[in-house]
$ cat upload-v1.txt   # compact mmCIF, C-alpha atoms and all ligand atoms
# COMPACT_ATOMS: atom_id res chain seq x y z
CA MET C 1 14.78 19.54 -10.23
CA GLU C 2 11.78 20.53 -12.32
CA THR C 3 8.96 17.97 -12.17
CA LEU C 4 6.83 17.51 -15.31
CA LEU C 5 3.14 17.34 -14.39
CA LEU C 6 1.44 15.02 -16.86
CA ASN C 7 -2.05 13.66 -17.49
CA ALA C 8 -2.82 10.03 -18.31
CA LYS C 9 -5.74 11.14 -20.52
CA ASN C 10 -3.22 12.49 -23.08
CA THR C 11 -1.50 9.88 -25.23
CA ALA C 12 1.46 12.24 -25.65
CA ASP C 13 1.86 12.40 -21.86
CA ILE C 14 1.89 8.59 -21.61
CA GLU C 15 4.74 8.64 -24.14
CA THR C 16 6.55 11.34 -22.16
CA ALA C 17 6.25 9.27 -18.97
CA ALA C 18 7.56 6.19 -20.82
CA ASN C 19 10.49 8.19 -22.19
CA ILE C 20 11.40 9.51 -18.73
CA LEU C 21 11.51 5.89 -17.53
CA LYS C 22 13.46 4.61 -20.56
CA ASN C 23 16.02 7.37 -19.97
CA GLY C 24 16.61 6.33 -16.35
CA GLY C 25 14.35 8.92 -14.73
CA LEU C 26 11.63 8.58 -12.08
CA CYS C 27 7.91 9.07 -12.71
CA ALA C 28 5.01 8.72 -10.28
CA ILE C 29 2.23 6.70 -11.93
CA PRO C 30 -1.33 5.82 -10.92
CA THR C 31 -2.32 2.23 -10.11
CA GLU C 32 -5.67 0.91 -8.85
CA THR C 33 -4.25 0.59 -5.31
CA VAL C 34 -2.08 3.67 -4.66
CA TYR C 35 0.27 5.76 -6.82
CA GLY C 36 3.70 4.24 -7.42
CA LEU C 37 7.07 5.92 -7.93
CA ALA C 38 8.40 4.07 -10.96
CA ALA C 39 11.82 3.45 -12.52
CA ASN C 40 13.21 0.94 -15.03
CA ALA C 41 13.55 -2.23 -12.92
CA PHE C 42 16.67 -3.30 -14.86
CA ASN C 43 18.47 0.01 -14.23
CA ALA C 44 20.20 -0.17 -10.82
CA LYS C 45 21.13 3.53 -10.83
CA ALA C 46 17.55 4.63 -11.58
CA CYS C 47 16.20 2.29 -8.88
CA SER C 48 18.66 3.59 -6.31
CA ASN C 49 17.33 7.09 -7.06
CA ILE C 50 13.88 5.89 -5.94
CA PHE C 51 15.32 5.35 -2.45
CA LYS C 52 16.84 8.84 -2.45
CA ALA C 53 13.68 10.58 -3.68
CA LYS C 54 11.50 8.86 -1.05
CA GLY C 55 14.01 8.85 1.78
CA ARG C 56 13.48 5.07 1.87
CA PRO C 57 15.80 2.75 3.83
CA GLY C 58 17.97 0.73 1.43
CA ASP C 59 17.00 -2.62 2.97
CA ASN C 60 13.34 -2.25 1.96
CA PRO C 61 12.89 -3.95 -1.46
CA LEU C 62 10.73 -2.71 -4.34
CA ILE C 63 7.79 -4.30 -6.18
CA VAL C 64 8.32 -4.87 -9.91
CA HIS C 65 5.31 -4.06 -12.13
CA ILE C 66 4.66 -5.94 -15.37
CA CYS C 67 2.06 -5.80 -18.17
CA ASP C 68 2.20 -9.36 -19.53
CA MET C 69 3.36 -12.86 -18.64
CA ASP C 70 6.46 -12.68 -20.89
CA MET C 71 7.82 -9.95 -18.64
CA LEU C 72 7.21 -12.22 -15.66
CA CYS C 73 9.40 -14.97 -17.12
CA ASP C 74 12.18 -12.45 -17.55
CA ILE C 75 12.32 -11.38 -13.91
CA VAL C 76 11.68 -14.59 -11.94
CA ALA C 77 13.68 -17.83 -11.83
CA GLU C 78 10.57 -20.01 -11.57
CA VAL C 79 6.82 -19.71 -11.04
CA PRO C 80 5.44 -22.16 -8.43
CA GLU C 81 2.17 -23.93 -9.42
CA LYS C 82 0.13 -22.15 -6.76
CA ALA C 83 1.55 -18.79 -7.79
CA LYS C 84 0.42 -19.58 -11.34
CA LEU C 85 -3.10 -20.26 -10.08
CA LEU C 86 -3.17 -16.94 -8.24
CA ALA C 87 -1.83 -15.06 -11.25
CA GLU C 88 -4.55 -16.59 -13.44
CA LYS C 89 -7.25 -15.66 -10.97
CA PHE C 90 -6.20 -12.23 -9.70
CA TRP C 91 -3.97 -10.62 -12.36
CA PRO C 92 -4.22 -7.99 -13.55
CA GLY C 93 -5.16 -6.70 -10.13
CA PRO C 94 -4.12 -5.71 -6.61
CA LEU C 95 -2.05 -8.80 -5.76
CA THR C 96 1.75 -8.95 -5.42
CA ILE C 97 3.47 -12.34 -5.58
CA ILE C 98 6.96 -12.94 -4.18
CA MET C 99 9.03 -15.52 -6.07
CA LYS C 100 12.69 -16.42 -6.63
CA LYS C 101 14.25 -13.70 -8.74
CA SER C 102 16.13 -14.01 -12.02
CA GLU C 103 19.64 -12.67 -12.42
CA LYS C 104 18.35 -9.71 -14.38
CA ILE C 105 16.92 -8.06 -11.26
CA PRO C 106 19.52 -5.77 -9.69
CA ASP C 107 20.28 -6.24 -5.98
CA VAL C 108 19.11 -2.72 -5.20
CA VAL C 109 15.56 -3.71 -6.28
CA SER C 110 15.41 -6.83 -4.11
CA ALA C 111 17.50 -5.29 -1.30
CA ASN C 112 19.89 -8.25 -1.67
CA LEU C 113 17.17 -10.86 -1.10
CA SER C 114 17.02 -13.87 -3.45
CA THR C 115 13.37 -13.08 -4.23
CA VAL C 116 11.47 -10.42 -6.12
CA ALA C 117 7.96 -9.07 -5.56
CA VAL C 118 5.89 -8.93 -8.77
CA ARG C 119 2.62 -7.19 -9.52
CA PHE C 120 0.54 -6.90 -12.70
CA PRO C 121 -1.58 -3.80 -12.12
CA ALA C 122 -5.09 -3.44 -13.56
CA HIS C 123 -5.09 0.36 -13.88
CA PRO C 124 -5.25 1.20 -17.63
CA ALA C 125 -2.76 4.08 -17.34
CA ALA C 126 -0.22 1.95 -15.46
CA ARG C 127 -0.48 -0.75 -18.11
CA LYS C 128 -0.19 1.75 -20.97
CA ILE C 129 2.97 3.25 -19.46
CA ILE C 130 4.60 -0.17 -18.92
CA GLU C 131 3.65 -1.16 -22.48
CA ALA C 132 4.99 2.09 -23.92
CA ALA C 133 8.26 1.81 -21.97
CA LYS C 134 8.50 -1.93 -22.83
CA LEU C 135 10.13 -2.37 -19.43
CA PRO C 136 9.17 -3.84 -16.08
CA LEU C 137 8.91 -0.98 -13.59
CA ALA C 138 10.15 -1.07 -10.02
CA ALA C 139 7.74 1.04 -7.97
CA PRO C 140 7.13 1.52 -4.27
CA SER C 141 4.24 3.72 -3.15
CA ALA C 142 4.86 7.30 -4.29
CA ASN C 143 4.89 8.92 -0.84
CA LEU C 144 7.80 10.20 1.19
CA SER C 145 8.90 7.43 3.53
CA GLY C 146 6.80 7.61 6.70
CA SER C 147 3.82 9.42 5.09
CA PRO C 148 0.55 7.73 4.17
CA SER C 149 0.54 6.14 0.69
CA PRO C 150 -0.76 8.56 -1.98
CA THR C 151 -4.19 7.86 -3.44
CA SER C 152 -4.43 11.01 -5.59
CA PHE C 153 -2.28 13.06 -7.97
CA GLU C 154 -2.35 15.90 -5.43
CA HIS C 155 -0.85 13.66 -2.73
CA CYS C 156 2.04 12.78 -5.08
CA VAL C 157 2.65 16.43 -5.97
CA HIS C 158 2.61 17.32 -2.27
CA ASP C 159 5.24 14.67 -1.45
CA LEU C 160 7.43 14.50 -4.57
CA ALA C 161 7.32 17.75 -6.61
CA GLY C 162 10.93 18.85 -7.17
CA ARG C 163 12.28 15.37 -6.34
CA VAL C 164 11.33 13.35 -9.46
CA GLU C 165 11.27 13.87 -13.24
CA GLY C 166 7.52 13.37 -13.67
CA ILE C 167 4.15 12.79 -12.01
CA ILE C 168 1.22 11.61 -14.11
CA ASP C 169 -2.38 12.28 -13.09
CA GLY C 170 -4.67 9.24 -13.36
CA GLY C 171 -7.35 10.37 -10.93
CA ILE C 172 -8.23 8.82 -7.57
CA CYS C 173 -7.06 5.27 -6.80
CA GLU C 174 -10.15 3.09 -6.51
CA VAL C 175 -8.82 0.47 -4.10
CA GLY C 176 -7.04 2.94 -1.81
CA VAL C 177 -4.76 0.54 0.10
CA GLU C 178 -1.63 -1.13 -1.26
CA SER C 179 -1.74 -4.56 -2.89
CA THR C 180 -2.07 -7.83 -1.02
CA ILE C 181 1.38 -9.46 -0.77
CA ILE C 182 1.80 -13.24 -0.73
CA SER C 183 5.22 -14.86 -0.54
CA PHE C 184 6.34 -18.13 -2.13
CA ALA C 185 9.87 -17.73 -0.74
CA GLY C 186 9.43 -20.55 1.78
CA GLU C 187 7.73 -23.95 1.79
CA LYS C 188 4.24 -22.64 2.46
CA PRO C 189 2.61 -19.53 0.99
CA VAL C 190 2.53 -16.69 3.53
CA LEU C 191 0.39 -13.56 3.53
CA LEU C 192 2.77 -10.67 4.26
CA ARG C 193 0.42 -7.75 3.72
CA PRO C 194 -3.39 -7.86 3.49
CA GLY C 195 -5.11 -5.88 0.74
CA TYR C 196 -8.12 -5.83 -1.55
CA VAL C 197 -7.57 -9.46 -2.56
CA THR C 198 -8.60 -11.02 0.73
CA LEU C 199 -7.11 -13.86 2.77
CA GLU C 200 -10.40 -15.70 2.32
CA GLN C 201 -10.09 -15.42 -1.50
CA LEU C 202 -6.47 -16.61 -1.44
CA ARG C 203 -7.36 -19.65 0.67
CA GLU C 204 -10.28 -20.46 -1.59
CA ALA C 205 -7.93 -20.38 -4.60
CA ILE C 206 -4.91 -22.33 -3.28
CA GLY C 207 -5.83 -23.82 0.09
CA GLU C 208 -3.52 -23.26 3.03
CA VAL C 209 -2.07 -19.75 3.40
CA GLU C 210 -0.20 -18.76 6.55
CA VAL C 211 -0.50 -15.26 7.93
CA SER C 212 2.69 -13.53 8.98
CA HIS C 213 2.25 -12.50 12.59
CA ALA C 214 3.47 -9.01 11.65
CA VAL C 215 0.12 -8.47 9.87
CA LEU C 216 -1.67 -8.03 13.17
CA GLU C 217 1.00 -7.77 15.84
CA LYS C 218 3.93 -5.59 16.75
CA LEU C 219 7.35 -7.04 16.00
CA GLU C 220 9.75 -7.75 18.81
CA GLU C 221 12.83 -5.56 19.01
CA GLY C 222 15.38 -6.86 16.45
CA GLU C 223 13.04 -9.62 15.18
CA LYS C 224 13.89 -11.01 11.75
CA VAL C 225 11.07 -10.45 9.27
CA LEU C 226 10.04 -11.93 5.93
CA SER C 227 9.18 -8.51 4.54
CA PRO C 228 11.55 -5.71 5.50
CA GLY C 229 8.77 -3.13 5.08
CA MET C 230 7.06 -4.56 8.15
CA LYS C 231 9.70 -3.27 10.53
CA TYR C 232 9.13 0.35 9.71
CA LYS C 233 6.52 2.44 11.43
CA HIS C 234 4.49 3.27 8.33
CA TYR C 235 1.68 5.73 7.92
CA ALA C 236 2.40 7.58 11.15
CA PRO C 237 0.28 10.70 11.58
CA LYS C 238 1.64 13.60 13.65
CA ALA C 239 -1.12 13.19 16.22
CA GLN C 240 -1.13 10.31 18.67
CA VAL C 241 -3.64 7.72 17.47
CA THR C 242 -5.39 5.08 19.59
CA LEU C 243 -7.43 2.36 17.95
CA ILE C 244 -10.71 1.62 19.73
CA LYS C 245 -12.24 -1.83 19.36
CA ALA C 246 -15.87 -1.47 20.31
CA SER C 247 -19.45 -1.38 19.07
CA SER C 248 -20.54 1.92 17.55
CA LYS C 249 -22.55 2.72 20.66
CA ASP C 250 -19.63 2.13 23.05
CA TYR C 251 -17.17 3.95 20.77
CA ILE C 252 -19.37 7.05 20.64
CA LYS C 253 -19.85 7.01 24.41
CA PHE C 254 -16.09 6.61 25.03
CA VAL C 255 -15.06 9.42 22.65
CA ASN C 256 -17.67 11.84 24.00
CA GLU C 257 -16.46 11.14 27.54
CA HIS C 258 -12.90 11.97 26.43
CA ALA C 259 -13.81 15.15 24.51
CA ALA C 260 -11.19 17.90 24.93
CA LYS C 261 -9.25 20.44 22.87
CA GLY C 262 -7.22 18.70 20.17
CA VAL C 263 -9.17 15.43 20.44
CA PHE C 264 -10.40 14.07 17.10
CA ALA C 265 -12.42 11.03 16.09
CA LEU C 266 -11.45 8.98 13.04
CA CYS C 267 -14.82 7.34 12.63
CA PHE C 268 -17.36 5.77 10.31
CA ASP C 269 -19.70 8.05 8.32
CA GLU C 270 -22.74 7.02 10.38
CA GLU C 271 -21.09 8.07 13.66
CA ALA C 272 -19.99 11.65 12.93
CA GLU C 273 -23.22 13.43 13.87
CA LYS C 274 -23.37 11.69 17.25
CA LEU C 275 -19.87 12.74 18.28
CA CYS C 276 -19.10 15.98 20.09
CA VAL C 277 -15.43 16.23 18.97
CA SER C 278 -14.01 17.13 15.52
CA THR C 279 -14.38 14.19 13.17
CA VAL C 280 -12.71 12.74 10.08
CA CYS C 281 -14.74 9.95 8.47
CA TYR C 282 -13.27 7.02 6.56
CA GLY C 283 -16.33 5.40 5.01
CA SER C 284 -19.45 3.54 6.01
CA GLU C 285 -19.38 1.09 8.90
CA PHE C 286 -20.99 -1.39 6.53
CA SER C 287 -18.47 -1.22 3.65
CA ASP C 288 -14.89 -2.37 4.16
CA GLU C 289 -14.19 -1.48 0.52
CA GLN C 290 -15.20 2.14 1.16
CA GLN C 291 -13.06 2.21 4.30
CA ALA C 292 -10.05 1.01 2.29
CA GLU C 293 -10.66 3.62 -0.38
CA HIS C 294 -10.69 6.50 2.12
CA ILE C 295 -8.31 5.51 4.93
CA PHE C 296 -5.12 7.16 3.61
CA GLU C 297 -6.95 10.31 2.56
CA ALA C 298 -8.42 10.46 6.07
CA LEU C 299 -4.98 10.05 7.67
CA ARG C 300 -3.64 12.91 5.53
CA LYS C 301 -6.60 15.08 6.60
CA ILE C 302 -5.75 14.37 10.24
CA ASP C 303 -2.18 15.48 9.58
CA GLU C 304 -3.44 18.77 8.13
CA SER C 305 -5.77 19.36 11.10
CA LYS C 306 -5.08 20.53 14.63
CA ALA C 307 -5.53 17.04 16.01
CA GLU C 308 -3.27 16.08 18.91
CA LYS C 309 -5.09 12.94 20.04
CA VAL C 310 -7.11 10.74 17.72
CA TYR C 311 -9.51 7.96 18.69
CA ALA C 312 -9.93 5.75 15.63
CA HIS C 313 -12.81 3.30 15.48
CA SER C 314 -11.40 -0.09 14.55
CA PRO C 315 -12.73 -1.78 11.41
CA LYS C 316 -13.62 -5.49 11.38
CA ILE C 317 -10.70 -7.80 10.64
CA THR C 318 -12.38 -9.93 8.00
CA GLY C 319 -12.38 -9.43 4.21
CA VAL C 320 -10.90 -6.13 3.07
CA GLY C 321 -11.30 -4.95 6.67
CA LEU C 322 -8.11 -6.85 7.55
CA ALA C 323 -6.17 -4.55 5.20
CA VAL C 324 -7.69 -1.42 6.74
CA TYR C 325 -7.01 -2.69 10.26
CA ASN C 326 -3.40 -3.52 9.34
CA ARG C 327 -2.77 0.08 8.17
CA LEU C 328 -4.61 1.67 11.10
CA ILE C 329 -2.89 -0.37 13.79
CA ARG C 330 0.45 0.85 12.40
CA ALA C 331 -0.78 4.45 12.32
CA ALA C 332 -1.69 3.90 15.98
CA GLY C 333 1.75 2.48 16.80
CA PHE C 334 -0.16 -0.63 18.06
CA ASP C 335 -1.92 1.38 20.78
CA VAL C 336 -5.30 -0.35 21.13
CA ILE C 337 -8.13 -0.07 23.65
CA GLU C 338 -10.71 -2.84 23.66
CA LEU C 339 -14.01 -1.84 25.26
O1 LIG C 401 -0.14 -1.61 -4.30
C1 LIG C 401 1.07 -1.65 -4.17
O2 LIG C 401 1.67 -2.70 -3.86
C2 LIG C 401 1.86 -0.37 -4.42
C3 LIG C 401 1.67 0.02 -5.89
C4 LIG C 401 2.51 1.20 -6.30
O3 LIG C 401 1.94 -1.09 -6.68
N1 LIG C 401 3.24 -0.52 -4.07
C5 LIG C 401 3.67 -0.58 -2.79
O4 LIG C 401 5.04 -0.68 -2.64
O5 LIG C 401 2.92 -0.56 -1.84
P1 LIG C 401 5.79 -0.44 -1.25
O6 LIG C 401 7.22 -0.42 -1.62
O7 LIG C 401 5.27 0.76 -0.59
O8 LIG C 401 5.52 -1.73 -0.45
C6 LIG C 401 6.14 -2.94 -0.84
C7 LIG C 401 6.28 -3.87 0.31
C8 LIG C 401 7.33 -3.44 1.31
O9 LIG C 401 6.81 -3.68 2.60
C9 LIG C 401 8.51 -4.36 1.04
O10 LIG C 401 9.26 -4.63 2.19
C10 LIG C 401 7.81 -5.61 0.52
O11 LIG C 401 6.72 -5.13 -0.22
N2 LIG C 401 8.65 -6.39 -0.40
C11 LIG C 401 9.09 -6.05 -1.63
N3 LIG C 401 9.88 -7.01 -2.15
C12 LIG C 401 9.93 -8.01 -1.24
C13 LIG C 401 10.59 -9.27 -1.18
N4 LIG C 401 11.34 -9.71 -2.17
N5 LIG C 401 10.42 -10.02 -0.06
C14 LIG C 401 9.64 -9.58 0.96
N6 LIG C 401 8.99 -8.39 0.96
C15 LIG C 401 9.14 -7.60 -0.12
MG MG C 402 4.90 2.13 0.82
$ encode --input "upload-v1.txt" --output "structure tokens"
Amino acid sequence: METLLLNAKNTADIETAANILKNGGLCAIPTETVYGLAANAFNAKACSNIFKAKGRPGDNPLIVHICDMDMLCDIVAEVPEKAKLLAEKFWPGPLTIIMKKSEKIPDVVSANLSTVAVRFPAHPAARKIIEAAKLPLAAPSANLSGSPSPTSFEHCVHDLAGRVEGIIDGGICEVGVESTIISFAGEKPVLLRPGYVTLEQLREAIGEVEVSHAVLEKLEEGEKVLSPGMKYKHYAPKAQVTLIKASSKDYIKFVNEHAAKGVFALCFDEEAEKLCVSTVCYGSEFSDEQQAEHIFEALRKIDESKAEKVYAHSPKITGVGLAVYNRLIRAAGFDVIEL
């Protein structure tokens, strides 16, 4: 299929993207977190094509994107009080809230769960496209299943050209990691995926928030999970990655002692010049926001390199660092060395 390459700076291209979506097609769109591969959330056929285009397992549900609170009322059965508080505080923005779904949401979107994940993105282009289409949009990250989430137009073209009707360029995604996901499916709110909206901020807003153990730990074989996406080995680079938990000094010493052909360091900016192996940096040691912005780009760079073995310096697990750690530990297949 021919893929239309569009630009969010052109009003006509926003209209074209909206028309693709209204007609049941797929279009990759920018959001502040990562690019999403969007379809009309009420069109089961269009949504099932998302799974085909990405090679995504059918039991992994999609997030529905909205541009106002009226759309929310249409897609959920009820909004719990604490979810309302979070929506007031963090929407539009990089937070996804899981609630009981309304009957209008097709089963293919929720992968037969009784809940739906909802997000109100802040990115102006995403909002313009939803407004122009006048439809809630189901959209997972716009990568091929198993690749790092796309944070640029070029990443989307690399993964999806020829597989979808359109891709619209909205520049680089500022946040760089996918949205924080909190679930109100059970009695207590549970953090399913950490992101730019931090656990600390959520707790400050609504009090107690549990953390799904899949955020930091490997699932047991066959374990039942709250979020199906957690079972899949996401973001897996071709090279074998080990996460190193250590001070900068000890990390540098360890990597230099293990220098060999094919060994790479996925490190902080400040460390590169002290390392005697090839390096890919993912931001300053002192900025978890910068690390989030660059982590997926860095993982793609590693895939394009000749790396066979990668020693990644672990970020801190507080604030936005928890989100970066969560992605990296999956890229490392939970292989961690603590020095
Ligand atoms: O920032 C983001 O959230 C991006 C942009 C495009 O909005 N989207 C994104 O979607 O990351 P995706 O599909 O790559 O990740 C969605 C995650 C998956 O792990 C999925 O299993 C989980 O959300 N999820 C979706 N609906 C759910 C539900 N009803 N219950 C539990 N987990 C759900
Ligand atoms: Mg994804």
$ axis_aligned_box --input "upload-v1.txt" --around "ligand LIG 401 (chain C)" --padding-each-side "4 Å" --output "AutoDock Vina command-line options"
--center_x 5.6 --center_y -4.4 --center_z -2.0 --size_x 19.5 --size_y 19.2 --size_z 17.3
$ residues_around --input "upload-v1.txt" --residues "Asp74 of chain C" --least-positions-apart "3" --cutoff "10 Å" --atoms "only C-alpha atoms" --output "mmCIF file with C-alpha atoms, in the coordinates of the input"
data_model
loop_
_atom_site.group_PDB
_atom_site.id
_atom_site.type_symbol
_atom_site.label_atom_id
_atom_site.label_comp_id
_atom_site.auth_asym_id
_atom_site.auth_seq_id
_atom_site.Cartn_x
_atom_site.Cartn_y
_atom_site.Cartn_z
ATOM 1 C CA MET C 69 3.360 -12.860 -18.640
ATOM 2 C CA ASP C 70 6.460 -12.680 -20.890
ATOM 3 C CA MET C 71 7.820 -9.950 -18.640
ATOM 4 C CA ALA C 77 13.680 -17.830 -11.830
ATOM 5 C CA GLU C 78 10.570 -20.010 -11.570
ATOM 6 C CA LYS C 101 14.250 -13.700 -8.740
ATOM 7 C CA SER C 102 16.130 -14.010 -12.020
ATOM 8 C CA GLU C 103 19.640 -12.670 -12.420
ATOM 9 C CA LYS C 104 18.350 -9.710 -14.380
ATOM 10 C CA ILE C 105 16.920 -8.060 -11.260
ATOM 11 C CA PRO C 136 9.170 -3.840 -16.080
#
$ residues_around --input "upload-v1.txt" --residues "segment 308-316 of chain C" --least-positions-apart "3" --cutoff "10 Å" --atoms "only C-alpha atoms" --output "PyMOL selection string"
chain C and resi 237-248+251-252+254-255+258+260-268+271+278-282+285-288+291-292+302-303+305+319-326+328-329+331-332+336-338
$ atom_distance --input "upload-v1.txt" --atom1 "atom CA of Arg127 of chain C" --atom2 "atom CA of Leu299 of chain C"
28.3 Å
$ closest_atom_pairs --input "upload-v1.txt" --of "segment 159-180 of chain C" --to "segment 32-54 of chain C" --cutoff "9 Å" --atoms "only C-alpha atoms" --output "JSON lines"
{"residue": "C:Asp159", "atom": "CA", "partner": "C:Lys54", "partner_atom": "CA", "distance": 8.6}
{"residue": "C:Leu160", "atom": "CA", "partner": "C:Ala53", "partner_atom": "CA", "distance": 7.4}
{"residue": "C:Arg163", "atom": "CA", "partner": "C:Ala53", "partner_atom": "CA", "distance": 5.7}
{"residue": "C:Val164", "atom": "CA", "partner": "C:Ala53", "partner_atom": "CA", "distance": 6.8}
{"residue": "C:Ile167", "atom": "CA", "partner": "C:Leu37", "partner_atom": "CA", "distance": 8.5}
{"residue": "C:Gly170", "atom": "CA", "partner": "C:Tyr35", "partner_atom": "CA", "distance": 8.9}
{"residue": "C:Ile172", "atom": "CA", "partner": "C:Glu32", "partner_atom": "CA", "distance": 8.4}
{"residue": "C:Cys173", "atom": "CA", "partner": "C:Glu32", "partner_atom": "CA", "distance": 5.0}
{"residue": "C:Glu174", "atom": "CA", "partner": "C:Glu32", "partner_atom": "CA", "distance": 5.5}
{"residue": "C:Val175", "atom": "CA", "partner": "C:Thr33", "partner_atom": "CA", "distance": 4.7}
{"residue": "C:Gly176", "atom": "CA", "partner": "C:Thr33", "partner_atom": "CA", "distance": 5.1}
{"residue": "C:Val177", "atom": "CA", "partner": "C:Thr33", "partner_atom": "CA", "distance": 5.4}
{"residue": "C:Glu178", "atom": "CA", "partner": "C:Thr33", "partner_atom": "CA", "distance": 5.1}
{"residue": "C:Ser179", "atom": "CA", "partner": "C:Thr33", "partner_atom": "CA", "distance": 6.2}
$ residues_near_ligand --input "upload-v1.txt" --ligand "ligand MG 402 (chain C)" --cutoff "6 Å" --atoms "all atoms listed in the file" --output "list in words"
Pro140, Ser141 and Ser149 of chain C
$ atom_distance --input "upload-v1.txt" --atom1 "atom CA of Asn60 of chain C" --atom2 "atom CA of Thr16 of chain C"
28.5 Å
$ closest_residue --input "upload-v1.txt" --among "C:Lys224, C:Lys9, C:Lys128, C:Lys301" --to "ligand LIG 401 (chain C)" --atoms "all atoms listed in the file"
C:Lys224
$ residues_near_ligand --input "upload-v1.txt" --ligand "ligand LIG 401 (chain C)" --cutoff "8 Å" --atoms "only C-alpha atoms and all ligand atoms" --output "JSON, numbers by chain"
{"C": [29, 30, 31, 32, 33, 34, 35, 36, 37, 60, 61, 62, 63, 65, 94, 95, 96, 98, 99, 109, 110, 111, 113, 114, 115, 116, 117, 118, 119, 121, 139, 140, 141, 142, 149, 177, 178, 179, 180, 181, 183, 185, 192, 193, 226, 227, 228, 229, 230]}
